[in-house]
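What follows is a set of notes on a single structure, which appears directly below.
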Amino acid sequence: MKKFKFELEKILEFRDFEKQQAEGELAKALAVETEIQNNLKKIAEQYAALDKYMSGSLDFNDMVSMSRNKSLLNYQKEELLKQLAQAKLVSEEKRKILQECMKKTSALEKMKEIQLSQYKEELKQAEKKRLQALAVSKIASDHR
């Protein structure tokens, strides 16, 4: 009997490639999100450090400087929050693309498994028939 060959193997390989590409794209999008979140944490730390530094200070110049620094930090925070919202949208889109790729790949893999199972069953049946034919011919040759 001929060797098992899945007719859609090339398509399955292509779908696997697409899935790997989608995984890479999602990983990049999530890395951008993580970087933005890390920058937001740094701003929060700077804000806390500024408050700690200025606690108890009554110097007018220090207060003006603190006010400017807090305004700058607030502006940076707002910009990062906008970027984070956009990055989350991109990540979600990449996640949907990956899910779709996984569905397509999964369907083909399931089809391949079914065909392989059928192929193995056909092999068993062919082997069984061959063994039965051998047994019959052995019995026939023994009776002569």
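Ordered as shown in the structure tokens, chains take letters A, B, and onward, while each chain numbers its residues from 1 and ligands are numbered from 1 in the order shown.
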
task: Write out as a PyMOL selection string each polymer residue whose atoms come within 8 Å of A:Ile36, counting only C-alpha atoms; drop sequence neighbours fewer than 5 positions from it.
output: chain A and resi 80+83-84

Can you pull out the residues contacting A:Lys104? Cut-off 9 Å, using only C-alpha atoms, and skip same-chain residues under 4 positions away; I want them as a short mmCIF file (atom, residue, chain, number, x, y, z; two decimals) with all heavy atoms, in the first residue's frame.
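Result file part37.cif:
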```cif
data_model
loop_
_atom_site.label_atom_id
_atom_site.label_comp_id
_atom_site.auth_asym_id
_atom_site.auth_seq_id
_atom_site.Cartn_x
_atom_site.Cartn_y
_atom_site.Cartn_z
N LEU A 12 -1.62 23.42 4.85
CA LEU A 12 -1.40 23.35 6.29
C LEU A 12 -0.08 24.02 6.68
O LEU A 12 -0.03 24.78 7.66
CB LEU A 12 -1.42 21.90 6.77
CG LEU A 12 -1.18 21.66 8.25
CD1 LEU A 12 -2.20 22.41 9.11
CD2 LEU A 12 -1.19 20.17 8.56
N ARG A 15 -0.61 27.72 6.46
CA ARG A 15 -1.41 28.20 7.60
C ARG A 15 -0.58 28.23 8.88
O ARG A 15 -0.72 29.13 9.70
CB ARG A 15 -2.65 27.33 7.79
CG ARG A 15 -3.63 27.39 6.62
CD ARG A 15 -4.57 28.57 6.76
NE ARG A 15 -5.31 28.89 5.58
CZ ARG A 15 -6.43 28.31 5.18
NH1 ARG A 15 -6.94 27.32 5.88
NH2 ARG A 15 -7.04 28.70 4.09
N GLN A 99 -6.28 34.29 16.50
CA GLN A 99 -7.36 33.34 16.76
C GLN A 99 -7.90 32.77 15.45
O GLN A 99 -8.17 31.56 15.35
CB GLN A 99 -8.48 33.98 17.56
CG GLN A 99 -8.13 34.23 19.01
CD GLN A 99 -9.17 35.06 19.75
OE1 GLN A 99 -10.02 35.71 19.14
NE2 GLN A 99 -9.12 35.03 21.07
N GLU A 100 -8.07 33.63 14.46
CA GLU A 100 -8.56 33.18 13.16
C GLU A 100 -7.57 32.21 12.51
O GLU A 100 -7.96 31.18 11.96
CB GLU A 100 -8.83 34.38 12.25
CG GLU A 100 -9.58 34.04 11.00
CD GLU A 100 -10.95 33.43 11.24
OE1 GLU A 100 -11.63 33.80 12.22
OE2 GLU A 100 -11.34 32.57 10.44
N LEU A 108 -7.58 22.20 9.64
CA LEU A 108 -6.77 21.37 8.75
C LEU A 108 -6.07 20.24 9.50
O LEU A 108 -5.98 19.12 8.99
CB LEU A 108 -5.74 22.23 8.01
CG LEU A 108 -6.28 23.05 6.85
CD1 LEU A 108 -5.20 23.98 6.30
CD2 LEU A 108 -6.79 22.16 5.74
N GLU A 109 -5.57 20.53 10.69
CA GLU A 109 -4.91 19.50 11.48
C GLU A 109 -5.90 18.39 11.85
O GLU A 109 -5.55 17.21 11.81
CB GLU A 109 -4.29 20.10 12.75
CG GLU A 109 -3.05 20.90 12.47
CD GLU A 109 -2.54 21.68 13.66
OE1 GLU A 109 -3.28 21.83 14.66
OE2 GLU A 109 -1.39 22.15 13.59
#
```

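Between A:Phe6 and the candidates A:Ala31, A:Leu116, A:Ala135, A:Ala85, the tightest atom-to-atom separation, counting only C-alpha atoms, involves A:Leu116.
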
- line: Taken to one decimal, the atom CA of A:Glu25-atom CA of A:Ser91 distance is 8.6 Å

At a cut-off of 12 Å, can you tabulate as a tab-separated table every residue of stretch 71-117 of chain A near stretch 45-63 of chain A together with its closest atom pair and the distance in Å to one decimal, using only C-alpha atoms and ordering rows by chain then number?
```
residue	atom	partner	partner_atom	distance
A:Ser71	CA	A:Tyr47	CA	10.2
A:Leu72	CA	A:Tyr47	CA	10.1
A:Leu73	CA	A:Tyr47	CA	7.1
A:Asn74	CA	A:Tyr47	CA	9.0
A:Gln76	CA	A:Tyr47	CA	11.3
A:Lys77	CA	A:Tyr47	CA	10.4
```
